[in-house]
Amino acid sequence: MSAKAAPIARTRGGWLAGEPLLLIAAIILALYFARAIVIPLAFAIVFNFLLAPAVTLLERLHFRRGLAVLAVILVFFSGVGTVAWIVARQIVHVVETLPDYRGNIQDKLNRLHTPMGGAAGRAILSLEEMGVEFSSGSNPVTAAAQENLAQRSIASRRHLSKHAAEETAEPAKPTQVEVVQPPITPGAYLKDMLLPILRPLGIAAIVLVFTIYILINREDLRNRLLLLAGIGHLNLMTQALNDAAQRISRYLVMQFLVNGCFGLLFGLGLSAIGIPDATLWGALAGLLRIVPYAGVIVSGGLPLIFTIAISPGWKQPLAVLGIFLLIEIVTAYVVEPWLYGSKTGVGSLALLASAIFWSTLWGWPGLVLATPLTVCLIVMGRYIPQMSFLHVLLGDDAELEPEARFYERLLAMDQAEVRTIAERYIAGKSLVHLYDGVLLPSLSMAKQDRQKGSLDDTHNNFLSMSISELMAEYSEWEDPEPNREDHNRSFPVVCIAANDSSDEMSATMLAQLLEHTGFNTILLPIAAVTPEILARLAKDRNTVVCISALPPFAFTAARNACLRVREQMPQNRILIGLWQTPEETDILKSRFGAARPTAIVSTLSEAISQIAAWNEAPSPERSLNASKSMRPARADAVTAE
């Protein structure tokens, strides 16, 4: 029965579970074809993140959930409706009054040597006709004004026709036949007139319903998501939901406040220099800054073009441009990084790519929702192992660690950048931090690549020479907090390597650091560690021997070296440095067996601390002499009794 159950267990995840590319394609297709429902739902979720802090605040003031949600919804959407109404009225006013400034536009085009028959002239004529239509449809004008506008339109069209005839000078063409459309029925007329109004209102109503439901039942929705994830992932999903809520809520609230202040300051600045409809341009600037990248350009370009059209000179357009750039630079490079620039966790390149992707998928709604949706994807990549690539691709903290960047630059044979990384890392720190944090990990990675056969002799020699040169440069480095003490050290320290050149370099680092702390240090190369040398060192029982070994295969080399030393120096302290080893030192010490190391450390900092502690404790020779001097006294005491 178990043999038959195994295939079922393997296919329980569905046929898409083993094909991640097909799964991603299916999700994208579903988001595209279901956008009529997904887009309002996405807006409702964003509004929930924006309004949830206000609802929570009212609940803490002892408001009931329904009343708090109703109050927040009324205030928020009333403000949005008021701003939309003011913007719509002022847009109509701008379109109505724009034809009155045709003289200014014509004068500027003449200065720029742009003919009225060009693209700019045709655009101006179209704007004038739009103004005539708005004026006749909303505010009735006098017959004289209507006739004046009509005459100007006819004159402009004659000018265009004449200009086109002069440019083309082509032979006359046959008269074109125009197809006359049948009369429009009342039903079709009402449909064409009401559909552009009813459709946005219907979407807004769906967003409103979704927002109210999510705000009232957010705990229920959270519990459903936790049930879908499973009880075994309860802790993981709770952290993911809390992280997403905090990041997006903080970002949206800060962005709402910053953009509101931006629009207010810009509108006040335009009003101060006498630009009409300043409220419109301020509101548009605040609203359009929600859209990444394109919103800033449009929000600054529209009032600039309008000012160029209505002003007789260039003083006011330059003033508008200066005001906008000043506020935008202060906001983008001072206020936003200080408030929420590093809170979303989205990289700048990822933000641009996500804006292009979501706008291609959903149009302008996707452009508005790009940042919140990208933050959700980053949170999923942070907490779900199968989606960790999202955090690497989209996050802003996907940088190589200093030791990895150092080793990568060594492989690239970029000695200048290698020195720069080392200088940045050691700034304000002690030398042991550089050796433990950068140089030893790089040597360990190089040794692993050398064991795998992926590091050739050229790169290996460059790496060894570069690290040796850095060690020579920093041999006289003065630590911000020196470890050297006033009293003399009581014993010498011998540093030896366990096996190869990487071990020799790590032993050199330890010897150099011990010299900085005041110990009399002897550095022995591998070839000099002979029984004769060890026997001579054993004459002083206070001598400490430090054996350096780097992974991989560090344990075997260190154990063999420790056995050779212990055979000749049975009474001396032996310190084993298994650098960059994550295992517990007590477990490793038991595995050495007959080698009997006195202590095992994994970092240079631990090694220095251990040797300094031995310096403060009684030496083995003094302890032995003290025990010998106490034995006759004990014997005499027994005899006396």
# chains A, B, ... in the order shown; residues from 1 in each chain; ligands from 1
$ residues_around --residues "segment 55-60 of chain A" --least-positions-apart "6" --cutoff "7 Å" --atoms "only C-alpha atoms" --output "PyMOL selection string"
chain A and resi 68-69+72
$ residues_around --residues "Ile533 of chain A" --least-positions-apart "5" --cutoff "12 Å" --atoms "only C-alpha atoms" --output "list in words"
Val494, Ile496, Ile522, Leu524, Pro525, Ile526, Ala527, Ala528, Ala538, Lys539, Arg564, Val565, Gln568 and Met569 of chain A
$ write_last_selection --atoms "C-alpha atoms" --output "short mmCIF file (atom, residue, chain, number, x, y, z; two decimals), in the first residue's frame"
data_model
loop_
_atom_site.label_atom_id
_atom_site.label_comp_id
_atom_site.auth_asym_id
_atom_site.auth_seq_id
_atom_site.Cartn_x
_atom_site.Cartn_y
_atom_site.Cartn_z
CA VAL A 494 55.18 30.12 18.87
CA ILE A 496 53.06 27.41 13.32
CA ILE A 522 58.03 33.34 17.08
CA LEU A 524 57.90 29.13 12.29
CA PRO A 525 57.34 27.99 8.70
CA ILE A 526 56.20 24.43 8.06
CA ALA A 527 59.68 23.26 7.05
CA ALA A 528 61.16 24.49 10.35
CA ALA A 538 60.03 22.30 25.20
CA LYS A 539 62.81 23.33 27.59
CA ARG A 564 53.76 15.99 16.61
CA VAL A 565 53.97 18.96 18.95
CA GLN A 568 57.92 16.70 21.95
CA MET A 569 56.23 19.20 24.28
#
$ atom_distance --atom1 "atom CA of Leu575 of chain A" --atom2 "atom CA of Ala607 of chain A"
7.8 Å
$ residues_around --residues "segment 359-362 of chain A" --least-positions-apart "4" --cutoff "12 Å" --atoms "only C-alpha atoms" --output "ChimeraX atom specification"
/A:27-40,42,291-292,294,351-355,366-371,373
$ write_last_selection --atoms "C-alpha atoms" --output "mmCIF file, in the first residue's frame"
data_model
loop_
_atom_site.group_PDB
_atom_site.id
_atom_site.type_symbol
_atom_site.label_atom_id
_atom_site.label_comp_id
_atom_site.auth_asym_id
_atom_site.auth_seq_id
_atom_site.Cartn_x
_atom_site.Cartn_y
_atom_site.Cartn_z
ATOM 1 C CA ILE A 27 -0.407 33.568 -12.574
ATOM 2 C CA ILE A 28 0.398 36.407 -15.015
ATOM 3 C CA LEU A 29 -2.346 35.281 -17.408
ATOM 4 C CA ALA A 30 -4.840 35.097 -14.547
ATOM 5 C CA LEU A 31 -3.896 38.611 -13.413
ATOM 6 C CA TYR A 32 -4.329 39.919 -16.951
ATOM 7 C CA PHE A 33 -7.651 38.307 -17.878
ATOM 8 C CA ALA A 34 -9.174 38.812 -14.411
ATOM 9 C CA ARG A 35 -8.042 42.445 -14.152
ATOM 10 C CA ALA A 36 -11.636 43.716 -14.035
ATOM 11 C CA ILE A 37 -11.937 42.164 -10.546
ATOM 12 C CA VAL A 38 -8.293 42.020 -9.457
ATOM 13 C CA ILE A 39 -7.562 45.741 -9.981
ATOM 14 C CA PRO A 40 -10.405 46.975 -7.704
ATOM 15 C CA ALA A 42 -5.775 45.509 -5.282
ATOM 16 C CA VAL A 291 3.038 57.320 -10.060
ATOM 17 C CA PRO A 292 6.747 56.326 -10.119
ATOM 18 C CA ALA A 294 6.417 59.415 -14.999
ATOM 19 C CA LEU A 351 11.080 49.841 -8.733
ATOM 20 C CA LEU A 352 11.599 50.903 -12.337
ATOM 21 C CA ALA A 353 11.232 47.336 -13.644
ATOM 22 C CA SER A 354 8.103 46.721 -11.547
ATOM 23 C CA ALA A 355 6.546 49.983 -12.764
ATOM 24 C CA GLY A 366 -0.650 49.052 -12.430
ATOM 25 C CA LEU A 367 1.637 52.080 -12.468
ATOM 26 C CA VAL A 368 -0.037 53.419 -9.319
ATOM 27 C CA LEU A 369 0.022 50.025 -7.570
ATOM 28 C CA ALA A 370 3.573 49.087 -8.616
ATOM 29 C CA THR A 371 5.340 49.935 -5.350
ATOM 30 C CA LEU A 373 2.667 45.150 -5.004
#
$ residues_around --residues "Asp500 of chain A" --least-positions-apart "4" --cutoff "10 Å" --atoms "only C-alpha atoms" --output "ChimeraX atom specification"
/A:447,504-505,525-526,549-550,557
$ write_last_selection --atoms "C-alpha atoms" --output "short mmCIF file (atom, residue, chain, number, x, y, z; two decimals), in the first residue's frame"
data_model
loop_
_atom_site.label_atom_id
_atom_site.label_comp_id
_atom_site.auth_asym_id
_atom_site.auth_seq_id
_atom_site.Cartn_x
_atom_site.Cartn_y
_atom_site.Cartn_z
CA LYS A 447 41.31 27.17 -0.26
CA GLU A 504 50.95 29.82 7.04
CA MET A 505 49.26 33.12 6.17
CA PRO A 525 57.34 27.99 8.70
CA ILE A 526 56.20 24.43 8.06
CA ALA A 549 44.46 25.55 10.23
CA LEU A 550 41.91 26.74 7.65
CA ALA A 557 45.88 18.63 9.48
#
$ select_by_dssp --residues "segment 214-306 of chain A" --states "alpha helix (DSSP H)" --output "number ranges by chain"
A: 214-216, 218-229, 234-272, 278-288, 294-306
$ closest_residue --among "A:Ser502, A:Ser311, A:Asn520, A:Asn542" --to "Leu439 of chain A" --atoms "only C-alpha atoms"
A:Ser502
$ closest_residue --among "A:Asn217, A:Asn572, A:Asn560, A:Gln448" --to "Ala595 of chain A" --atoms "only C-alpha atoms"
A:Asn560
$ decode --residues "segment 350-377 of chain A" --atoms "N, CA and C atoms" --output "mmCIF file, in the first residue's frame"
data_model
loop_
_atom_site.group_PDB
_atom_site.id
_atom_site.type_symbol
_atom_site.label_atom_id
_atom_site.label_comp_id
_atom_site.auth_asym_id
_atom_site.auth_seq_id
_atom_site.Cartn_x
_atom_site.Cartn_y
_atom_site.Cartn_z
ATOM 1 N N ALA A 350 14.702 47.787 -9.276
ATOM 2 C CA ALA A 350 13.519 46.939 -9.164
ATOM 3 C C ALA A 350 12.242 47.763 -9.233
ATOM 4 N N LEU A 351 12.258 48.977 -8.669
ATOM 5 C CA LEU A 351 11.080 49.841 -8.733
ATOM 6 C C LEU A 351 10.777 50.243 -10.166
ATOM 7 N N LEU A 352 11.806 50.556 -10.928
ATOM 8 C CA LEU A 352 11.599 50.903 -12.337
ATOM 9 C C LEU A 352 11.079 49.706 -13.122
ATOM 10 N N ALA A 353 11.680 48.528 -12.922
ATOM 11 C CA ALA A 353 11.232 47.336 -13.644
ATOM 12 C C ALA A 353 9.801 46.960 -13.266
ATOM 13 N N SER A 354 9.466 47.071 -11.968
ATOM 14 C CA SER A 354 8.103 46.721 -11.547
ATOM 15 C C SER A 354 7.092 47.715 -12.099
ATOM 16 N N ALA A 355 7.461 49.000 -12.185
ATOM 17 C CA ALA A 355 6.546 49.983 -12.764
ATOM 18 C C ALA A 355 6.255 49.665 -14.226
ATOM 19 N N ILE A 356 7.291 49.279 -14.974
ATOM 20 C CA ILE A 356 7.082 48.913 -16.383
ATOM 21 C C ILE A 356 6.228 47.656 -16.490
ATOM 22 N N PHE A 357 6.499 46.655 -15.642
ATOM 23 C CA PHE A 357 5.757 45.396 -15.713
ATOM 24 C C PHE A 357 4.282 45.591 -15.392
ATOM 25 N N TRP A 358 3.984 46.250 -14.261
ATOM 26 C CA TRP A 358 2.585 46.388 -13.844
ATOM 27 C C TRP A 358 1.814 47.340 -14.751
ATOM 28 N N SER A 359 2.481 48.369 -15.281
ATOM 29 C CA SER A 359 1.788 49.251 -16.221
ATOM 30 C C SER A 359 1.498 48.547 -17.541
ATOM 31 N N THR A 360 2.398 47.662 -17.969
ATOM 32 C CA THR A 360 2.124 46.867 -19.172
ATOM 33 C C THR A 360 0.975 45.892 -18.938
ATOM 34 N N LEU A 361 0.892 45.351 -17.732
ATOM 35 C CA LEU A 361 -0.132 44.357 -17.429
ATOM 36 C C LEU A 361 -1.495 44.994 -17.194
ATOM 37 N N TRP A 362 -1.536 46.111 -16.454
ATOM 38 C CA TRP A 362 -2.811 46.700 -16.039
ATOM 39 C C TRP A 362 -3.010 48.141 -16.489
ATOM 40 N N GLY A 363 -2.042 48.750 -17.173
ATOM 41 C CA GLY A 363 -2.207 50.142 -17.563
ATOM 42 C C GLY A 363 -1.864 51.077 -16.408
ATOM 43 N N TRP A 364 -2.533 52.249 -16.389
ATOM 44 C CA TRP A 364 -2.217 53.232 -15.338
ATOM 45 C C TRP A 364 -2.516 52.719 -13.927
ATOM 46 N N PRO A 365 -3.543 51.852 -13.689
ATOM 47 C CA PRO A 365 -3.684 51.321 -12.328
ATOM 48 C C PRO A 365 -2.457 50.527 -11.875
ATOM 49 N N GLY A 366 -1.854 49.787 -12.789
ATOM 50 C CA GLY A 366 -0.650 49.052 -12.430
ATOM 51 C C GLY A 366 0.506 49.967 -12.090
ATOM 52 N N LEU A 367 0.585 51.121 -12.775
ATOM 53 C CA LEU A 367 1.637 52.080 -12.468
ATOM 54 C C LEU A 367 1.470 52.653 -11.070
ATOM 55 N N VAL A 368 0.227 52.899 -10.657
ATOM 56 C CA VAL A 368 -0.037 53.419 -9.319
ATOM 57 C C VAL A 368 0.240 52.359 -8.254
ATOM 58 N N LEU A 369 -0.102 51.109 -8.558
ATOM 59 C CA LEU A 369 0.022 50.025 -7.570
ATOM 60 C C LEU A 369 1.383 49.341 -7.597
ATOM 61 N N ALA A 370 2.310 49.811 -8.418
ATOM 62 C CA ALA A 370 3.573 49.087 -8.616
ATOM 63 C C ALA A 370 4.355 48.933 -7.317
ATOM 64 N N THR A 371 4.523 50.009 -6.567
ATOM 65 C CA THR A 371 5.340 49.935 -5.350
ATOM 66 C C THR A 371 4.724 49.049 -4.280
ATOM 67 N N PRO A 372 3.428 49.209 -3.909
ATOM 68 C CA PRO A 372 2.861 48.303 -2.894
ATOM 69 C C PRO A 372 2.909 46.836 -3.295
ATOM 70 N N LEU A 373 2.631 46.546 -4.568
ATOM 71 C CA LEU A 373 2.667 45.150 -5.004
ATOM 72 C C LEU A 373 4.087 44.593 -4.957
ATOM 73 N N THR A 374 5.070 45.413 -5.299
ATOM 74 C CA THR A 374 6.457 44.955 -5.250
ATOM 75 C C THR A 374 6.908 44.696 -3.824
ATOM 76 N N VAL A 375 6.453 45.516 -2.880
ATOM 77 C CA VAL A 375 6.786 45.282 -1.468
ATOM 78 C C VAL A 375 6.209 43.944 -1.010
ATOM 79 N N CYS A 376 4.984 43.632 -1.430
ATOM 80 C CA CYS A 376 4.392 42.332 -1.076
ATOM 81 C C CYS A 376 5.219 41.173 -1.623
ATOM 82 N N LEU A 377 5.711 41.302 -2.861
ATOM 83 C CA LEU A 377 6.538 40.246 -3.441
ATOM 84 C C LEU A 377 7.855 40.085 -2.687
#
